[in-house]
Number of protein chains: 2
Amino acid sequence: MAGMILNFVPLSGNNLAAEITGQIRHMLETGSLNRGDKLPSTRVLARDLDVARGTVVAALDTLIAEGFLVTRRGSGTYVSEACIPVAPQTAIRKQTPSWLFSIEPDLDQGAAGALNFQVCRPSLVAFPQNAWRRAAADAASRLPSADYGDPQGELELRIAIAAYLCRGRGLDVNADEIIITNGAVQAMHIISRLYLDRDSAVAFEDPGYPLARQTFGMTGASILPIPIDEDGLRVDQLPGDAKRVKFVYVTPSHQFPTGERLSLSRRQELLEWATQNDVLILEDDYDGEFRYDVAPLPPLAAMSTNGFVVYFGTFSKTMFPSLRIGFAVGPKQLIKEMAACRAVSDYQTNSLTQLALTSFIENGEFEKHVHRMRRLYAKKRKRLREVMNETNLAGDLTGTDSGLNALIRLRTDISATQISLRSRLRGIEVTPISRFAKGASVQDNALVLGYGALSEDEIEHGVSTLAAVIDEAI
Amino acid sequence: MAGMILNFVPLSGNNLAAEITGQIRHMLETGSLNRGDKLPSTRVLARDLDVARGTVVAALDTLIAEGFLVTRRGSGTYVSEACIPVAPQTAIRKQTPSWLFSIEPDLDQGAAGALNFQVCRPSLVAFPQNAWRRAAADAASRLPSADYGDPQGELELRIAIAAYLCRGRGLDVNADEIIITNGAVQAMHIISRLYLDRDSAVAFEDPGYPLARQTFGMTGASILPIPIDEDGLRVDQLPGDAKRVKFVYVTPSHQFPTGERLSLSRRQELLEWATQNDVLILEDDYDGEFRYDVAPLPPLAAMSTNGFVVYFGTFSKTMFPSLRIGFAVGPKQLIKEMAACRAVSDYQTNSLTQLALTSFIENGEFEKHVHRMRRLYAKKRKRLREVMNETNLAGDLTGTDSGLNALIRLRTDISATQISLRSRLRGIEVTPISRFAKGASVQDNALVLGYGALSEDEIEHGVSTLAAVIDEAI
């Protein structure tokens, strides 16, 4: 029996497999594909879509892993009987742009009710609710202006952040070198609009942070995956001819997702490479506040003297994600251009949250909270290590010098994706490192565990279960 | 004496005169042009920039009107001696993209200290500060989530807005047909990213709202200026062959900036045209809450049965601009796509403001405030009309059925730009209609007055002065 004919929107090119996955998901949601339907063969799909067969196979594998599709040996690929049908949507008249289908979810949400080692999620159990309520009430007590505010952000918040960066990160900057954005990702989105197009490229850590990679990729720019090792980004693997490269994106404090720190010598090499090649370094310091037993290393932005670094910070981990406050630090003229660009997208970050955060920082509540959380996360990390030892989990814990995520390296012959799928059946969500990888150099033999939002009991239960799953798989 | 050589960044094409203006402003700011410098002749500039001489003349005229440049008869154009030099900026290594120079300020800020009839500014004197503080404290009392929120917006706010739209605007929509954004402009920015590119076009009211026009124009799409008359958009002037046209942008409740309402028959014609030509109508209802002695007309979104309308609303005028909350209403599938696109730009609107606004609406405070302000604005409008009569101001007041702006139509032989410049010398800021125009069909013989944020005394003083200025000019 031949598979049915599928109507694909023409692919646009940046991430073909993800576009195919997205379009098939869309067909399932809108009812153009239904339970039990047989898909065309990968050969036919590859021909119709004019892509390599391997691309189609990769796309279908994702949907199989997600449970949307099933293969029947010798017969082909079918829509799973377990696939939940969604009510057909109102038809939309304009053709959906194909790049929209290639948008991946930022980080996997995991099954509802599962014990989820989700990455980059803070704990809110010790959040100073009363102090935050007072700060919000303070902010709302000010008479609002009839005018828009500064697209660069409230001056008093920029001053408070500059002072905090000096105390906390050794970064000596002025308020006019800072722009406040709705999370760091908006700052990356703005700088992408300024400098990227189809002809440019971004050197990007591999594995790396999916949301940043997509933000750059959506401009049409190519993403060059650069391998990392225990010292962070392999600077020696950056391209020799970097004419097209506009940015090199790095997470030096705590590489996402491996957790390695970029060593001091690598930092120097990277700054030299960027200067020589006229490339801007985008330094994403997404969780550098939570550093444990190690001495701090200076941010690249503090080491650079020539304006080749833009530093991104966020309050998503130190406060909470839906606060939507982040910032970028860079040369004054660049920040001014980013503010001009901002003024024609959403004008400014709302004043209520900016003023509430300013008051929260100025009252000392913010740093008190960060210190408290650092101790709490250090305890969780300790418990994670203990349980791994107690259960003889067959893997090595790394990447724990800072942040809210850790890495468990498995033996090289074990598939982390398989372990992740088996853990899911036991109610535990962990992410295989391949979820964050693009290039061929990343081996699928490590699991990423976000432990920030879990209690010590949950960590104990989760890691014990994981240890058992790994033992069964060996 | 020949003028100096100016180094322009190559022009990118969408609005050449504005790009030239912007680049020269930039040269003044960065010190590559200084007080007293002589500019090259318009002929030389036109040749070097490869543009029509008229384009250069238009660019220089803007800078002359702004006071940056002066002409000396028979000698040429010079940087004004009154031009305030700015300290040179740190050099930025990457070349500034040329489209950045074409960004115009949203609406003119006017000179500091002037009595400013700025458009679209609400009054905050009667803002219910205590109720707003309670709403913000309520919102901050909820324990924040460790997860991001819904990129489409908090469900409870969407439900509150749906109920309000039904009560206040006769628009019957579900929460899943609404997306919450950082002001309506962000919703326009997102829908532009979905559907516009260099090959598309947007039919746009002329004169019209500059920020929306720029938001669409920044994608590279062409803007087709469509004239308006006393019944609003001239639907008969829309292109017959509309293949490239993706959107038609209209402000039916209160045309920006003339204040006319789109008549019922025009509304029907527009809906027919859009359906026939497969064009999406973008209905910007930026101040429709403030309607005075006239019966309401249904929004296009309420008249349409086929999903050809996306409706944009904002809380910038009913609350205050730096709240940064707006929304779009459209077919469910389109709204879902906008949310997917949002998730890779700034993820979501911050939860604090969303929840505070929800509580403010649900407690009835929002509608109480809107009703109070409607009465207040009606009084100001009445005072405006009285003072015009008392001072025998030589012009006709129109566009006052709703909103916070009014139009004064002058005799056809009077230049509104001249009146505006002369008023500025007397400390009164009013905007000539040409500031909002792109096409040749708009005559520069009307002034736009925003009266919302001014007191009755200020309106009296401002209009009397304006009347005197007009009398002197006649």
# chains A, B, ... in the order shown; residues from 1 in each chain; ligands from 1
call {"tool": "residues_around", "arguments": {"residues": "Arg134 (chain B)", "least_positions_apart": "3", "cutoff": "9 Å", "atoms": "only C-alpha atoms", "output": "PDB file with C-alpha atoms, in the first residue's frame"}}
result
ATOM      1  CA  ALA A 137       3.679  48.382  44.950  1.00  0.00           C
ATOM      2  CA  ALA A 140       3.057  51.334  40.870  1.00  0.00           C
TER       3      ALA A 140
ATOM      4  CA  GLN B 129      -3.099  55.468  41.559  1.00  0.00           C
ATOM      5  CA  ASN B 130      -4.258  53.557  44.629  1.00  0.00           C
ATOM      6  CA  ALA B 131      -6.270  51.011  42.669  1.00  0.00           C
ATOM      7  CA  ALA B 137       0.712  44.318  44.657  1.00  0.00           C
ATOM      8  CA  ASP B 138      -1.915  41.614  43.991  1.00  0.00           C
ATOM      9  CA  ALA B 139      -0.015  40.490  40.912  1.00  0.00           C
ATOM     10  CA  ALA B 356      -1.765  43.567  37.386  1.00  0.00           C
ATOM     11  CA  SER B 359      -6.819  42.382  38.285  1.00  0.00           C
ATOM     12  CA  PHE B 360      -7.410  46.064  37.360  1.00  0.00           C
TER      13      PHE B 360
END
call {"tool": "interface_residues", "arguments": {"of": "chain A", "to": "chain B", "cutoff": "6 Å", "atoms": "only C-alpha atoms", "output": "PyMOL selection string"}}
result
chain A and resi 121-122+133+136-137+140-141+146+148-149+182+185-186+189+215+321-324+344-346+350-351
call {"tool": "atom_distance", "arguments": {"atom1": "CA of Ile64 (chain B)", "atom2": "CA of Tyr78 (chain B)"}}
result
9.5 Å
call {"tool": "residues_around", "arguments": {"residues": "region 410-425 of chain B", "least_positions_apart": "2", "cutoff": "9 Å", "atoms": "only C-alpha atoms", "output": "ChimeraX atom specification"}}
result
/B:65,110-111,114,394-396,408,427-435,443-447,465-466,469-470,473-474
call {"tool": "select_by_dssp", "arguments": {"residues": "region 167-372 of chain B", "states": "strand (DSSP E)", "output": "ChimeraX atom specification"}}
result
/B:178-181,201-206,222-229,232-233,245-250,280-284,309-314,326-329
call {"tool": "select_by_dssp", "arguments": {"residues": "region 259-294 of chain A", "states": "helix (DSSP H, G or I)", "output": "list in words"}}
result
Leu264, Ser265, Arg266, Arg267, Gln268, Glu269, Leu270, Leu271, Glu272, Trp273, Ala274, Thr275, Gln276 and Asn277 of chain A
call {"tool": "write_last_selection", "arguments": {"atoms": "C-alpha atoms", "output": "PDB file, in the first residue's frame"}}
result
ATOM      1  CA  LEU A 264      41.647  31.903  30.860  1.00  0.00           C
ATOM      2  CA  SER A 265      44.015  31.074  28.003  1.00  0.00           C
ATOM      3  CA  ARG A 266      41.088  30.253  25.730  1.00  0.00           C
ATOM      4  CA  ARG A 267      39.511  33.582  26.670  1.00  0.00           C
ATOM      5  CA  GLN A 268      42.672  35.370  25.578  1.00  0.00           C
ATOM      6  CA  GLU A 269      42.866  33.369  22.353  1.00  0.00           C
ATOM      7  CA  LEU A 270      39.234  34.113  21.589  1.00  0.00           C
ATOM      8  CA  LEU A 271      39.672  37.856  22.122  1.00  0.00           C
ATOM      9  CA  GLU A 272      42.696  37.809  19.808  1.00  0.00           C
ATOM     10  CA  TRP A 273      40.868  35.851  17.132  1.00  0.00           C
ATOM     11  CA  ALA A 274      37.872  38.186  17.270  1.00  0.00           C
ATOM     12  CA  THR A 275      40.042  41.291  17.008  1.00  0.00           C
ATOM     13  CA  GLN A 276      42.058  39.910  14.115  1.00  0.00           C
ATOM     14  CA  ASN A 277      38.971  38.809  12.232  1.00  0.00           C
TER      15      ASN A 277
END
call {"tool": "residues_around", "arguments": {"residues": "Leu69 (chain A)", "least_positions_apart": "6", "cutoff": "6 Å", "atoms": "only C-alpha atoms", "output": "PDB file with N, CA, C and O atoms, in the first residue's frame"}}
result
ATOM      1  N   LEU A  63       9.957  12.542  14.989  1.00  0.00           N
ATOM      2  CA  LEU A  63       8.522  12.343  15.210  1.00  0.00           C
ATOM      3  C   LEU A  63       8.240  10.960  15.804  1.00  0.00           C
ATOM      4  O   LEU A  63       7.288  10.778  16.562  1.00  0.00           O
ATOM      5  N   TYR A  78       3.776   4.982   9.973  1.00  0.00           N
ATOM      6  CA  TYR A  78       2.360   5.300  10.146  1.00  0.00           C
ATOM      7  C   TYR A  78       2.187   6.349  11.237  1.00  0.00           C
ATOM      8  O   TYR A  78       3.017   6.460  12.142  1.00  0.00           O
ATOM      9  N   VAL A  79       1.064   7.059  11.170  1.00  0.00           N
ATOM     10  CA  VAL A  79       0.701   7.928  12.288  1.00  0.00           C
ATOM     11  C   VAL A  79       0.267   7.023  13.434  1.00  0.00           C
ATOM     12  O   VAL A  79      -0.543   6.108  13.239  1.00  0.00           O
ATOM     13  N   SER A  80       0.851   7.267  14.601  1.00  0.00           N
ATOM     14  CA  SER A  80       0.583   6.426  15.763  1.00  0.00           C
ATOM     15  C   SER A  80      -0.907   6.421  16.111  1.00  0.00           C
ATOM     16  O   SER A  80      -1.581   7.445  16.014  1.00  0.00           O
TER      17      SER A  80
END
call {"tool": "decode", "arguments": {"residues": "region 244-256 of chain B", "atoms": "all heavy atoms", "output": "short mmCIF file (atom, residue, chain, number, x, y, z; two decimals), in the first residue's frame"}}
result
data_model
loop_
_atom_site.label_atom_id
_atom_site.label_comp_id
_atom_site.auth_asym_id
_atom_site.auth_seq_id
_atom_site.Cartn_x
_atom_site.Cartn_y
_atom_site.Cartn_z
N ARG B 244 0.76 41.79 -5.05
CA ARG B 244 1.86 41.98 -4.10
C ARG B 244 1.38 42.46 -2.74
O ARG B 244 2.12 42.42 -1.77
CB ARG B 244 2.86 43.01 -4.65
CG ARG B 244 3.65 42.51 -5.86
CD ARG B 244 4.46 43.65 -6.45
NE ARG B 244 5.39 44.20 -5.47
CZ ARG B 244 5.49 45.49 -5.16
NH1 ARG B 244 4.71 46.38 -5.74
NH2 ARG B 244 6.37 45.91 -4.26
N VAL B 245 0.14 42.96 -2.70
CA VAL B 245 -0.35 43.59 -1.46
C VAL B 245 -0.75 42.53 -0.44
O VAL B 245 -1.61 41.69 -0.71
CB VAL B 245 -1.55 44.52 -1.74
CG1 VAL B 245 -2.02 45.18 -0.45
CG2 VAL B 245 -1.17 45.57 -2.78
N LYS B 246 -0.10 42.52 0.71
CA LYS B 246 -0.42 41.54 1.76
C LYS B 246 -1.38 42.15 2.78
O LYS B 246 -2.22 41.46 3.30
CB LYS B 246 0.86 41.10 2.49
CG LYS B 246 1.91 40.52 1.59
CD LYS B 246 1.64 39.05 1.29
CE LYS B 246 2.74 38.52 0.40
NZ LYS B 246 2.61 37.10 0.15
N PHE B 247 -1.18 43.42 3.09
CA PHE B 247 -1.98 44.07 4.13
C PHE B 247 -2.56 45.38 3.61
O PHE B 247 -1.92 46.07 2.81
CB PHE B 247 -1.14 44.45 5.36
CG PHE B 247 -0.37 43.34 6.01
CD1 PHE B 247 0.85 43.62 6.63
CD2 PHE B 247 -0.87 42.04 6.07
CE1 PHE B 247 1.57 42.61 7.27
CE2 PHE B 247 -0.16 41.03 6.71
CZ PHE B 247 1.07 41.32 7.32
N VAL B 248 -3.73 45.74 4.14
CA VAL B 248 -4.17 47.13 4.04
C VAL B 248 -4.37 47.61 5.47
O VAL B 248 -5.08 46.99 6.26
CB VAL B 248 -5.43 47.29 3.14
CG1 VAL B 248 -6.53 46.32 3.51
CG2 VAL B 248 -5.95 48.73 3.19
N TYR B 249 -3.64 48.69 5.81
CA TYR B 249 -3.63 49.19 7.19
C TYR B 249 -4.60 50.36 7.30
O TYR B 249 -4.50 51.33 6.54
CB TYR B 249 -2.22 49.64 7.58
CG TYR B 249 -2.14 50.38 8.89
CD1 TYR B 249 -1.93 49.69 10.09
CD2 TYR B 249 -2.27 51.77 8.94
CE1 TYR B 249 -1.87 50.36 11.30
CE2 TYR B 249 -2.21 52.45 10.15
CZ TYR B 249 -2.01 51.74 11.32
OH TYR B 249 -1.94 52.42 12.52
N VAL B 250 -5.54 50.26 8.25
CA VAL B 250 -6.53 51.34 8.45
C VAL B 250 -6.77 51.63 9.93
O VAL B 250 -6.59 50.76 10.78
CB VAL B 250 -7.91 51.00 7.83
CG1 VAL B 250 -7.95 51.31 6.36
CG2 VAL B 250 -8.31 49.55 8.10
N THR B 251 -7.20 52.86 10.23
CA THR B 251 -7.58 53.29 11.58
C THR B 251 -9.03 53.76 11.50
O THR B 251 -9.29 54.96 11.50
CB THR B 251 -6.65 54.43 12.06
OG1 THR B 251 -6.56 55.42 11.02
CG2 THR B 251 -5.26 53.94 12.35
N PRO B 252 -9.98 52.82 11.45
CA PRO B 252 -11.36 53.17 11.10
C PRO B 252 -12.09 54.00 12.15
O PRO B 252 -12.94 54.82 11.80
CB PRO B 252 -12.06 51.81 10.94
CG PRO B 252 -10.97 50.79 10.89
CD PRO B 252 -9.82 51.37 11.62
N SER B 253 -11.79 53.81 13.43
CA SER B 253 -12.53 54.52 14.48
C SER B 253 -12.21 56.01 14.47
O SER B 253 -13.03 56.83 14.86
CB SER B 253 -12.14 54.01 15.86
OG SER B 253 -12.47 52.68 16.00
N HIS B 254 -10.97 56.34 14.11
CA HIS B 254 -10.50 57.72 14.26
C HIS B 254 -9.22 57.81 13.44
O HIS B 254 -8.13 57.60 13.96
CB HIS B 254 -10.23 57.98 15.75
CG HIS B 254 -9.94 59.41 16.07
ND1 HIS B 254 -8.83 59.81 16.77
CD2 HIS B 254 -10.63 60.55 15.80
CE1 HIS B 254 -8.83 61.13 16.93
NE2 HIS B 254 -9.92 61.59 16.35
N GLN B 255 -9.38 58.12 12.17
CA GLN B 255 -8.23 58.06 11.27
C GLN B 255 -7.06 58.84 11.85
O GLN B 255 -7.23 59.98 12.27
CB GLN B 255 -8.61 58.59 9.87
CG GLN B 255 -7.71 58.07 8.74
CD GLN B 255 -6.42 58.84 8.57
OE1 GLN B 255 -6.36 60.03 8.89
NE2 GLN B 255 -5.37 58.18 8.11
N PHE B 256 -5.88 58.20 11.84
CA PHE B 256 -4.71 58.90 12.32
C PHE B 256 -4.02 59.54 11.14
O PHE B 256 -3.63 58.85 10.21
CB PHE B 256 -3.74 57.95 13.02
CG PHE B 256 -2.58 58.69 13.61
CD1 PHE B 256 -2.61 59.11 14.93
CD2 PHE B 256 -1.47 59.02 12.84
CE1 PHE B 256 -1.56 59.84 15.47
CE2 PHE B 256 -0.43 59.76 13.37
CZ PHE B 256 -0.48 60.16 14.68
#
